[in-house]
Every structure is written in C-alpha cells, then in structure tokens.
>>> print(open('my_file24.txt').read())   # compact mmCIF, C-alpha atoms
# COMPACT_ATOMS: atom_id res chain seq x y z
CA SER A 1 54.02 -21.30 81.52
CA GLY A 2 54.12 -25.02 82.18
CA GLU A 3 56.20 -25.79 79.12
CA LEU A 4 58.11 -28.81 80.34
CA TYR A 5 60.14 -30.30 77.63
CA CYS A 6 60.14 -29.20 73.98
CA SER A 7 60.64 -32.49 72.23
CA LEU A 8 57.29 -32.61 70.49
CA PRO A 9 57.66 -32.64 66.69
CA ASN A 10 57.16 -29.21 65.18
CA PRO A 11 54.10 -27.85 63.37
CA ARG A 12 54.79 -28.05 59.66
CA ASN A 13 54.34 -25.80 56.65
CA VAL A 14 53.59 -22.68 58.70
CA ARG A 15 52.55 -20.04 56.20
CA PHE A 16 50.21 -17.16 55.49
CA GLU A 17 47.35 -17.72 53.10
CA SER A 18 46.00 -14.40 51.92
CA LEU A 19 43.05 -13.49 49.74
CA ASN A 20 42.17 -9.83 49.16
CA MET A 21 44.44 -9.17 52.16
CA LYS A 22 42.47 -11.41 54.47
CA ASN A 23 45.62 -12.86 55.98
CA VAL A 24 45.20 -16.22 57.71
CA LEU A 25 48.03 -18.21 59.23
CA HIS A 26 47.86 -21.90 58.40
CA TRP A 27 49.97 -24.90 59.44
CA SER A 28 49.91 -28.66 59.49
CA ALA A 29 49.90 -30.72 62.67
CA PRO A 30 53.22 -32.13 63.83
CA GLU A 31 54.04 -35.46 62.24
CA GLY A 32 52.81 -38.53 64.07
CA THR A 33 50.66 -36.69 66.61
CA GLY A 34 47.02 -37.70 66.75
CA ASP A 35 44.27 -35.68 68.33
CA GLY A 36 44.70 -33.49 71.35
CA VAL A 37 47.46 -31.23 70.07
CA LEU A 38 46.97 -27.61 71.08
CA TYR A 39 48.68 -24.58 69.60
CA LYS A 40 49.53 -21.01 70.35
CA VAL A 41 50.41 -18.25 67.93
CA LYS A 42 52.48 -15.08 67.97
CA TYR A 43 53.38 -12.56 65.32
CA SER A 44 55.79 -9.68 64.81
CA VAL A 45 56.18 -6.67 62.58
CA TYR A 46 59.40 -6.90 60.61
CA GLY A 47 61.91 -4.34 61.91
CA VAL A 48 60.23 -4.13 65.30
CA GLY A 49 61.69 -6.54 67.81
CA LYS A 50 58.57 -7.53 69.76
CA TRP A 51 56.72 -10.81 69.36
CA ILE A 52 53.04 -10.33 70.12
CA ARG A 53 50.80 -13.17 71.30
CA LYS A 54 47.43 -13.63 69.67
CA PRO A 55 45.05 -14.38 72.59
CA GLU A 56 42.26 -15.70 70.37
CA CYS A 57 44.67 -18.33 69.08
CA ARG A 58 45.95 -19.55 72.44
CA ASN A 59 45.42 -23.26 73.27
CA ILE A 60 43.46 -23.85 70.07
CA ASN A 61 43.18 -27.25 68.42
CA ARG A 62 42.49 -25.94 64.90
CA THR A 63 45.40 -25.41 62.50
CA TRP A 64 44.70 -21.86 61.38
CA CYS A 65 44.55 -18.42 62.93
CA ASP A 66 43.16 -15.28 61.35
CA LEU A 67 45.75 -12.52 61.65
CA SER A 68 44.08 -10.16 59.19
CA SER A 69 43.55 -7.46 61.78
CA GLU A 70 47.11 -7.65 63.02
CA THR A 71 48.58 -7.54 59.52
CA SER A 72 46.22 -5.04 57.90
CA ASP A 73 48.85 -2.33 57.38
CA TYR A 74 50.21 -3.36 54.01
CA GLU A 75 53.08 -0.91 54.27
CA GLU A 76 54.57 -3.25 56.84
CA GLN A 77 55.86 -6.81 56.61
CA TYR A 78 55.31 -9.56 59.15
CA TYR A 79 56.40 -12.86 60.62
CA ALA A 80 54.18 -15.29 62.52
CA SER A 81 55.05 -18.33 64.57
CA VAL A 82 53.28 -21.39 65.98
CA LYS A 83 54.09 -23.69 68.90
CA ALA A 84 52.42 -27.07 69.59
CA PHE A 85 51.59 -28.67 72.95
CA LEU A 86 50.60 -32.26 73.85
CA ASN A 87 50.58 -34.01 77.22
CA GLY A 88 52.84 -31.40 78.83
CA MET A 89 55.33 -31.53 76.00
CA CYS A 90 55.87 -28.79 73.46
CA SER A 91 57.46 -28.15 70.11
CA ASP A 92 59.77 -25.38 69.00
CA TRP A 93 58.32 -22.15 67.66
CA MET A 94 57.99 -22.55 63.92
CA GLU A 95 58.04 -19.37 61.84
CA THR A 96 56.67 -18.24 58.51
CA THR A 97 58.82 -16.63 55.88
CA ARG A 98 58.57 -12.83 55.77
CA PHE A 99 55.04 -11.93 54.74
CA ASN A 100 54.40 -8.86 52.55
CA PRO A 101 50.62 -8.37 52.31
CA LEU A 102 50.99 -6.20 49.21
CA THR A 103 52.85 -8.76 47.11
CA ASP A 104 51.90 -12.02 48.80
CA THR A 105 48.11 -11.77 48.69
CA LYS A 106 45.89 -13.43 46.12
CA ILE A 107 43.07 -11.55 44.42
CA ASP A 108 39.53 -12.62 43.66
CA PRO A 109 38.19 -12.17 40.13
CA PRO A 110 36.23 -8.96 39.51
CA MET A 111 32.45 -8.79 39.75
CA VAL A 112 30.98 -8.66 36.27
CA SER A 113 27.60 -7.24 35.27
CA ILE A 114 26.48 -7.28 31.67
CA SER A 115 23.65 -5.85 29.59
CA SER A 116 22.96 -5.87 25.88
CA THR A 117 21.33 -4.02 23.02
CA ASP A 118 20.72 -5.52 19.59
CA LYS A 119 24.30 -4.97 18.45
CA SER A 120 26.40 -4.48 21.55
CA ILE A 121 27.18 -5.72 25.01
CA SER A 122 28.05 -3.46 27.95
CA ILE A 123 30.25 -4.90 30.67
CA ILE A 124 30.77 -3.27 34.07
CA LEU A 125 33.60 -4.60 36.20
CA THR A 126 34.11 -4.14 39.93
CA ALA A 127 37.38 -4.98 41.64
CA PRO A 128 37.11 -6.84 44.96
CA GLU A 129 37.46 -4.95 48.21
CA LYS A 130 40.35 -5.25 50.59
CA TRP A 131 39.49 -7.28 53.70
CA LYS A 132 38.05 -5.09 56.45
CA ARG A 133 37.45 -5.66 60.15
CA SER A 134 33.74 -5.03 60.10
CA PRO A 135 31.00 -4.15 57.64
CA GLU A 136 30.88 -0.66 59.15
CA GLU A 137 34.49 -0.01 58.32
CA GLU A 138 35.13 2.02 55.20
CA SER A 139 35.57 -0.13 52.12
CA ILE A 140 38.83 0.05 50.22
CA SER A 141 38.79 -1.24 46.68
CA LEU A 142 41.87 -3.15 45.57
CA LEU A 143 41.92 -0.62 42.75
CA GLN A 144 43.08 1.92 45.34
CA VAL A 145 45.73 -0.46 46.61
CA TYR A 146 47.02 -1.36 43.15
CA PRO A 147 46.79 1.72 40.93
CA GLY A 148 48.12 -0.27 37.96
CA LEU A 149 45.25 -2.76 38.19
CA GLN A 150 43.83 -3.84 34.82
CA TYR A 151 40.96 -6.06 33.71
CA ASN A 152 41.38 -8.78 31.09
CA VAL A 153 37.99 -9.54 29.57
CA SER A 154 37.07 -12.50 27.38
CA VAL A 155 33.96 -12.37 25.14
CA LEU A 156 32.83 -15.54 23.36
CA ASN A 157 30.30 -15.72 20.50
CA LYS A 158 28.53 -18.95 21.45
CA LYS A 159 27.36 -19.55 17.89
CA THR A 160 30.64 -19.07 16.05
CA LYS A 161 32.86 -19.91 19.05
CA LYS A 162 34.88 -16.83 18.15
CA ARG A 163 36.52 -15.28 21.23
CA TRP A 164 37.87 -11.79 21.80
CA PHE A 165 40.18 -10.62 24.58
CA PHE A 166 40.28 -7.07 25.85
CA SER A 167 42.65 -5.51 28.36
CA ILE A 168 41.26 -2.34 29.96
CA SER A 169 42.14 -0.06 32.84
CA ASN A 170 38.77 1.56 33.37
CA ASN A 171 35.88 -0.55 34.60
CA THR A 172 33.45 -0.33 31.67
CA LEU A 173 33.67 -2.04 28.30
CA VAL A 174 31.21 -1.79 25.42
CA VAL A 175 31.65 -4.41 22.70
CA PRO A 176 30.02 -3.05 19.50
CA TRP A 177 29.11 -4.49 16.05
CA LEU A 178 27.76 -7.74 17.40
CA GLU A 179 25.16 -9.99 15.75
CA PRO A 180 21.58 -9.45 16.88
CA GLY A 181 19.83 -12.36 18.59
CA THR A 182 23.07 -14.09 19.47
CA ALA A 183 24.37 -15.41 22.79
CA TYR A 184 27.66 -14.06 24.05
CA CYS A 185 29.52 -15.26 27.15
CA VAL A 186 31.73 -12.98 29.21
CA SER A 187 34.43 -13.71 31.76
CA ALA A 188 37.00 -11.39 33.31
CA LYS A 189 40.11 -11.45 35.47
CA ILE A 190 42.30 -8.92 37.22
CA HIS A 191 45.91 -8.34 36.21
CA VAL A 192 48.38 -6.21 38.16
CA THR A 193 51.68 -5.80 36.30
CA THR A 194 53.76 -4.76 39.27
CA PRO A 195 53.82 -6.24 41.76
CA LEU A 196 52.82 -9.13 39.53
CA LEU A 197 49.38 -10.38 40.64
CA ASP A 198 46.69 -12.22 38.65
CA SER A 199 43.22 -13.31 39.76
CA GLY A 200 41.49 -16.27 38.23
CA PHE A 201 38.78 -15.68 35.61
CA SER A 202 35.28 -14.93 36.88
CA LYS A 203 32.49 -17.41 36.31
CA GLU A 204 31.31 -17.12 32.70
CA GLN A 205 28.08 -15.16 32.25
CA CYS A 206 26.08 -15.34 29.02
CA ILE A 207 23.62 -12.86 27.53
CA ALA A 208 21.87 -12.63 24.18
CA THR A 209 21.83 -9.52 22.03
CA LEU A 210 18.32 -8.35 21.23
CA LYS A 211 16.75 -9.53 18.05
CA ASP A 212 16.78 -7.14 15.07
CA LYS A 213 14.00 -4.51 15.31
CA THR B 1 60.18 -2.08 26.63
CA ALA B 2 57.33 -4.08 28.17
CA GLY B 3 57.09 -3.62 31.93
CA ASN B 4 58.92 -0.29 31.84
CA LYS B 5 57.39 2.27 34.14
CA ILE B 6 57.93 6.02 34.05
CA PHE B 7 58.37 7.61 37.46
CA HIS B 8 57.78 11.32 37.78
CA PHE B 9 59.65 13.14 40.53
CA GLY B 10 58.69 16.71 39.83
CA ALA B 11 60.65 17.70 36.72
CA CYS B 12 62.66 14.48 36.88
CA ARG B 13 61.35 11.59 34.77
CA VAL B 14 62.88 8.14 35.19
CA SER B 15 62.03 5.00 33.24
CA MET B 16 62.52 1.74 35.11
CA SER B 17 62.02 -1.91 34.15
CA MET B 18 59.89 -2.54 37.22
CA THR B 19 58.37 -5.82 36.05
CA GLU B 20 61.80 -7.27 35.33
CA ILE B 21 63.21 -6.13 38.67
CA ARG B 22 60.15 -7.40 40.55
CA SER B 23 60.22 -10.81 38.91
CA GLY B 24 63.98 -11.08 39.51
CA PHE B 25 63.52 -10.25 43.18
CA THR B 26 60.51 -12.53 43.60
CA ALA B 27 62.59 -15.42 42.28
CA ILE B 28 65.22 -14.98 45.01
CA LYS B 29 63.21 -13.31 47.81
CA ALA B 30 62.76 -16.42 50.00
CA ASN B 31 66.42 -17.38 49.54
CA ILE B 32 67.76 -13.93 50.40
CA GLN B 33 65.37 -13.24 53.30
CA SER B 34 66.17 -16.65 54.83
CA ARG B 35 69.77 -15.49 55.13
CA ASP B 36 68.67 -12.58 57.33
CA PRO B 37 67.84 -13.86 60.83
CA ILE B 38 67.42 -10.41 62.39
CA ARG B 39 63.70 -9.66 62.75
CA SER B 40 64.04 -6.69 65.03
CA LEU B 41 65.89 -4.36 62.67
CA SER B 42 64.90 -3.02 59.30
CA ILE B 43 67.25 -0.96 57.15
CA LEU B 44 64.57 0.89 55.22
CA SER B 45 61.30 0.86 57.16
CA HIS B 46 62.04 1.49 60.85
CA PRO B 47 62.00 3.63 62.85
CA HIS B 48 60.89 5.96 60.06
CA SER B 49 58.81 4.46 57.24
CA LEU B 50 59.61 5.44 53.68
CA HIS B 51 55.90 6.03 53.32
CA LYS B 52 56.17 9.10 55.56
CA VAL B 53 58.60 10.85 53.16
CA LYS B 54 57.14 14.07 51.74
CA THR B 55 56.43 14.18 48.00
CA SER B 56 58.97 16.95 47.55
CA ASP B 57 61.67 14.74 49.03
CA ARG B 58 60.87 11.63 46.98
CA CYS B 59 63.35 12.31 44.23
CA CYS B 60 66.24 12.92 46.60
CA ILE B 61 65.51 9.86 48.70
CA THR B 62 65.18 7.72 45.59
CA HIS B 63 68.45 9.08 44.25
CA HIS B 64 70.19 8.36 47.59
CA LEU B 65 68.70 4.87 47.77
CA PHE B 66 69.79 3.91 44.28
CA ASP B 67 73.31 5.11 45.08
CA PHE B 68 73.08 3.11 48.31
CA TYR B 69 72.04 -0.12 46.58
CA VAL B 70 74.60 0.21 43.80
CA ASP B 71 77.52 1.28 45.99
CA LYS B 72 76.84 -0.55 49.26
CA VAL B 73 74.49 -3.45 48.69
CA PHE B 74 74.76 -5.41 45.46
CA LYS B 75 78.54 -5.75 45.54
CA HIS B 76 78.40 -7.35 49.00
CA CYS B 77 75.72 -9.91 48.14
CA LYS B 78 77.66 -12.76 46.61
CA THR B 79 76.13 -16.16 47.39
CA GLU B 80 77.13 -19.74 46.68
CA ASP B 81 74.11 -20.04 44.41
CA SER B 82 74.79 -19.06 40.79
CA PHE B 83 71.08 -18.66 40.02
CA VAL B 84 70.72 -16.18 42.87
CA ASN B 85 73.91 -14.37 41.83
CA ARG B 86 72.64 -13.98 38.27
CA LYS B 87 69.37 -12.51 39.47
CA ILE B 88 71.22 -10.11 41.75
CA SER B 89 73.44 -8.87 38.95
CA SER B 90 70.45 -8.45 36.64
CA ILE B 91 68.72 -6.31 39.27
CA ALA B 92 71.96 -4.41 39.86
CA ASN B 93 72.25 -3.61 36.14
CA SER B 94 68.73 -2.25 36.09
CA PHE B 95 69.56 -0.11 39.13
CA LEU B 96 72.71 1.23 37.44
CA SER B 97 70.81 2.81 34.56
CA VAL B 98 68.19 4.31 36.87
CA ARG B 99 70.91 5.70 39.13
CA ARG B 100 72.61 7.33 36.17
CA ARG B 101 69.31 9.01 35.17
CA LEU B 102 68.65 10.18 38.75
CA GLY B 103 72.20 11.54 38.88
CA GLN B 104 71.51 13.63 35.78
CA CYS B 105 68.35 14.96 37.39
CA HIS B 106 70.36 15.87 40.49
CA GLU B 107 72.95 17.70 38.40
CA GLN B 108 70.20 19.59 36.61
CA ASN B 109 68.88 20.61 40.00
CA ASN B 110 65.66 18.65 39.48
CA CYS B 111 66.21 16.39 42.45
CA VAL B 112 66.76 18.70 45.41
CA CYS B 113 67.51 17.28 48.87
CA GLY B 114 65.62 18.77 51.78
CA GLU B 115 66.53 18.42 55.43
CA GLU B 116 63.99 15.67 56.05
CA SER B 117 65.18 13.41 53.24
CA THR B 118 68.79 13.87 54.30
CA GLU B 119 67.83 12.93 57.86
CA LYS B 120 65.82 9.94 56.65
CA PHE B 121 68.68 8.69 54.52
CA ASN B 122 71.16 9.17 57.38
CA GLN B 123 68.88 6.94 59.47
CA ILE B 124 69.05 4.28 56.75
CA LEU B 125 72.86 4.51 56.70
CA ALA B 126 72.94 4.26 60.50
CA ASN B 127 70.78 1.11 60.34
CA TYR B 128 73.10 -0.29 57.67
CA GLU B 129 76.29 0.53 59.56
CA GLY B 130 74.86 -1.07 62.71
CA LEU B 131 75.53 -4.47 61.16
CA ASN B 132 78.55 -6.11 59.60
CA VAL B 133 78.79 -5.43 55.88
CA THR B 134 77.57 -8.78 54.59
CA SER B 135 74.61 -8.97 56.97
CA ALA B 136 73.70 -5.37 56.25
CA ALA B 137 73.92 -5.87 52.50
CA MET B 138 71.91 -9.10 52.56
CA LYS B 139 69.25 -7.49 54.78
CA SER B 140 69.04 -4.50 52.47
CA LEU B 141 68.66 -6.75 49.45
CA GLY B 142 65.95 -8.67 51.25
CA GLU B 143 64.11 -5.39 51.70
CA LEU B 144 64.11 -4.50 48.02
CA ASP B 145 60.35 -5.05 47.88
CA ILE B 146 59.93 -2.39 50.55
CA LEU B 147 61.70 0.08 48.23
CA LEU B 148 59.75 -1.06 45.16
CA ASP B 149 56.40 -1.00 46.98
CA TRP B 150 57.14 2.53 48.17
CA MET B 151 58.20 3.70 44.73
CA GLU B 152 55.02 2.41 43.20
>>> encode(input="my_file24.txt", output="structure tokens")
Amino acid sequence: SGELYCSLPNPRNVRFESLNMKNVLHWSAPEGTGDGVLYKVKYSVYGVGKWIRKPECRNINRTWCDLSSETSDYEEQYYASVKAFLNGMCSDWMETTRFNPLTDTKIDPPMVSISSTDKSISIILTAPEKWKRSPEEESISLLQVYPGLQYNVSVLNKKTKKRWFFSISNNTLVVPWLEPGTAYCVSAKIHVTTPLLDSGFSKEQCIATLKDK
Amino acid sequence: TAGNKIFHFGACRVSMSMTEIRSGFTAIKANIQSRDPIRSLSILSHPHSLHKVKTSDRCCITHHLFDFYVDKVFKHCKTEDSFVNRKISSIANSFLSVRRRLGQCHEQNNCVCGEESTEKFNQILANYEGLNVTSAAMKSLGELDILLDWME
C-alpha cells in the first residue's frame, strides 16, 4: 500500500470521546509534523480477531473519526487504531485502550420542562436519547440503557436563596407548598449509580408561581 | 449498605455491593487491560455472548462465574503494584460473600443448571484454559465489566 518506511512520529492521545453513545475517535497530530499529515483508521471488536478499516476515514487530514455506527452495540467492547502518513513515510498504528460504550460514555443533562400554579411547581424530566444512525431509526432513551437512572433536581427560591435537592427515579416532580408570586429556578442532572455515570446540571430555568387569587 | 444491589434469580436473592466493586474495577481497569495484549480472544463474551443466556439459566451461570473468579482468577492476579493488588483483593472479598450466597441457593435447589448454561460455562473454561494461567487470569479480570454489565 505504498507504506515505505514507518519512522514518522506516532499520532498521540488516541482515544474515544463518547457522548450519549455517539462514539468518536480522536487523536492529536504526531509531534513536530506540520500540515499535510494524512491518517487512516481501523477498529476491532474485542474478542474477535479482525481489524476492520473505516473507509470514510482513509487518507483524512482531520484528527477525528466518527465510529458511532461501528461501535453501536454496547454489549461489545472495542479497540480503534490510527496510522499517520507524510511524504511517503508512515507512523506505527497507535491504539486506544479498550472502549466499553456502556461505562465509558458521557451523558447529557436531562431536558427539563416546568410549569407552575400559585403554590407549586411541576417539573417534567426527559433523559437524552442514545445516538442513532438516522432520524428514522427508532429512538432509544438512555433510561432503557441504564435502568437504574435517577434524576437529581435542584430548586432555588430566588427571593430567599433557599435551595432544595430532590433525587427521583420517575420523570415527574411536583414541588408543593411554595410561596405565591415568587420566582423559582430549576436545574437537573442525571445520576446512574452503577455503572457510575453523572451528567452535568441542565441550564437553570426560572418560573414564577402565580400570584394569590 | 449504600450501593448494595439485590439481584433476583428466580427464588434466589443475592445482595451485592455493586457500586463498590464497580469503582474498585474502574480504578484499575486501564492498568489490568493494558497487561492483556490479546485482542482476538475474549474469555466471557466470544464466541457466545453472556447476553444470549436464557433467564432461567442466569442463576446457574452467575454461580459458576463467581466460583470461576474466586477459584481461578483473583488468586492468579498478583501485580507489582500494591494499589492494584489492594483493589483486586477488595473485589475478591466482595465476590466471596456473593459466591457463598449463590452456593446456598444452589444447595436449596434454587439455582438449577440447564444444558445451555453448562455448555456456555464450559466454553468460558475452554477459553480460559487456552491461555497460560497468568494471562488467562489477567484477561478474565480485565473483563470484569463484561460480567457486571451483563448482571445489571
């Protein structure tokens, strides 16, 4: 394949970056090489001997490659590898550590929608969906992937600065006995106890309880 | 205790400190897996995935696997790293109590072994015995998350 002499420095920090099981291989360019470096990528399923080339990431000059489709079965574990080319020279294949989509992904915060009455706030939480190949594909909520998924919800009384924390498994929370005509701010995150996974908190949303009738 | 999880295998109920085991394994996963250079062989997941085991066989397979890890894996996983060794023995201790509980279930006939689970476990043993003891034990330890993922 025209690989002459593999003395090019290696790609560095080859790793998977995964969010909601969108699994993208990333790496850094070999040290001391300017522009013009090209790369190719291969991956393998752990326990199966074959390395499989990724055609869409052959002779690319970017330093990432989306392997979400190839690593979508989260009951399997994977390796990926990158090789660099420049002026007829090449590097060694540089591998990731073993990638387990189930434990090594990061999770987005939940979607939060809130409404209020005069004395309560209702909060509806929606877990993010697992990455999917196309919009037509059936959606899989991360709730189905992680049955032990919980929501940690923070509610702040903007006037008194008093904050409550709730930890719930179902996706609806009603906070009662609130002060009418008062602004409350809500933020939520996802917590999975095992495997241990935590999202960040969602962007704070504020709503006022209705004034007394 | 916090992080304990109750597993139901038919009439057999087993409590397991899953969070503790998971965090122990996560702390040493990269270290242990880097000692296993063989990509083309898996002890637990190929050619037959644990995820294909029938519900009725889950208890038996789990019982076999805990025996397997206690009797054939942990004791052969000494490393030069005391941190790693401590984590391994902590995981091993957690496995010991679960194995004892599963053994009781087996004695009380609540953990029956069907043909399929016996065959599946024999495949796992064959994979294990295809390597030298230390490599096989280290590879099996590196696959602990496969077992935990399947259990959960």
>>> closest_atom_pairs(input="my_file24.txt", of="chain B", to="chain A", cutoff="6 Å", atoms="only C-alpha atoms", output="JSON lines")
{"residue": "B:Thr19", "atom": "CA", "partner": "A:Thr194", "partner_atom": "CA", "distance": 5.7}
{"residue": "B:Arg39", "atom": "CA", "partner": "A:Tyr46", "partner_atom": "CA", "distance": 5.5}
{"residue": "B:Ser40", "atom": "CA", "partner": "A:Gly49", "partner_atom": "CA", "distance": 3.6}
{"residue": "B:Leu41", "atom": "CA", "partner": "A:Gly47", "partner_atom": "CA", "distance": 4.1}
{"residue": "B:Ser42", "atom": "CA", "partner": "A:Gly47", "partner_atom": "CA", "distance": 4.2}
{"residue": "B:His46", "atom": "CA", "partner": "A:Gly47", "partner_atom": "CA", "distance": 5.9}
>>> residues_near_point(input="my_file24.txt", point="(47.9, -10.8, 56.6)", cutoff="12 Å", atoms="all atoms listed in the file", output="ChimeraX atom specification")
/A:15-26,43-45,65-80,96,98-106,130-132
>>> residues_around(input="my_file24.txt", residues="Ser115 of chain A", least_positions_apart="6", cutoff="9 Å", atoms="only C-alpha atoms", output="NGL selection string")
:A and (121-124 or 207-209)
>>> closest_residue(input="my_file24.txt", among="B:Phe7, B:Phe66, B:Phe83, B:Tyr128", to="Phe95 of chain B", atoms="all atoms listed in the file")
B:Phe66
>>> atom_distance(input="my_file24.txt", atom1="atom CA of Ser135 of chain B", atom2="atom CA of Thr118 of chain B")
23.7 Å
>>> atom_distance(input="my_file24.txt", atom1="atom CA of Lys75 of chain B", atom2="atom CA of Arg100 of chain B")
17.1 Å
>>> atom_distance(input="my_file24.txt", atom1="atom CA of His8 of chain B", atom2="atom CA of Met138 of chain B")
28.9 Å
>>> closest_residue(input="my_file24.txt", among="A:Cys6, A:Leu156, A:Ala84, A:Leu173", to="Val112 of chain A", atoms="all atoms listed in the file")
A:Leu173
>>> axis_aligned_box(input="my_file24.txt", around="segment 102-118 of chain A", padding_each_side="3 Å", output="JSON")
{"center_x": 36.8, "center_y": -8.7, "center_z": 34.4, "size_x": 38.1, "size_y": 15.4, "size_z": 35.6}
>>> residues_around(input="my_file24.txt", residues="segment 57-65 of chain B", least_positions_apart="5", cutoff="6 Å", atoms="all atoms listed in the file", output="list in words")
Phe9, Leu102, Cys111, Val112, Cys113 and Ser117 of chain B
>>> residues_around(input="my_file24.txt", residues="segment 141-148 of chain B", least_positions_apart="3", cutoff="9 Å", atoms="only C-alpha atoms", output="PyMOL selection string")
(chain A and resi 75-77+100+103+195) or (chain B and resi 18+21-22+25-26+28-36+42-45+50+62+65+69+73-74+77+88+136-138+151-152)
>>> closest_residue(input="my_file24.txt", among="B:Lys52, B:Ala92, B:Asn85, B:Trp150", to="Lys72 of chain B", atoms="only C-alpha atoms")
B:Ala92
>>> closest_residue(input="my_file24.txt", among="A:Val153, A:Thr126, A:Gly36, A:Asp92", to="Ile60 of chain A", atoms="all atoms listed in the file")
A:Gly36
>>> closest_residue(input="my_file24.txt", among="A:Pro135, A:Pro176, A:Pro9, A:Pro110", to="Ser202 of chain A", atoms="all atoms listed in the file")
A:Pro110
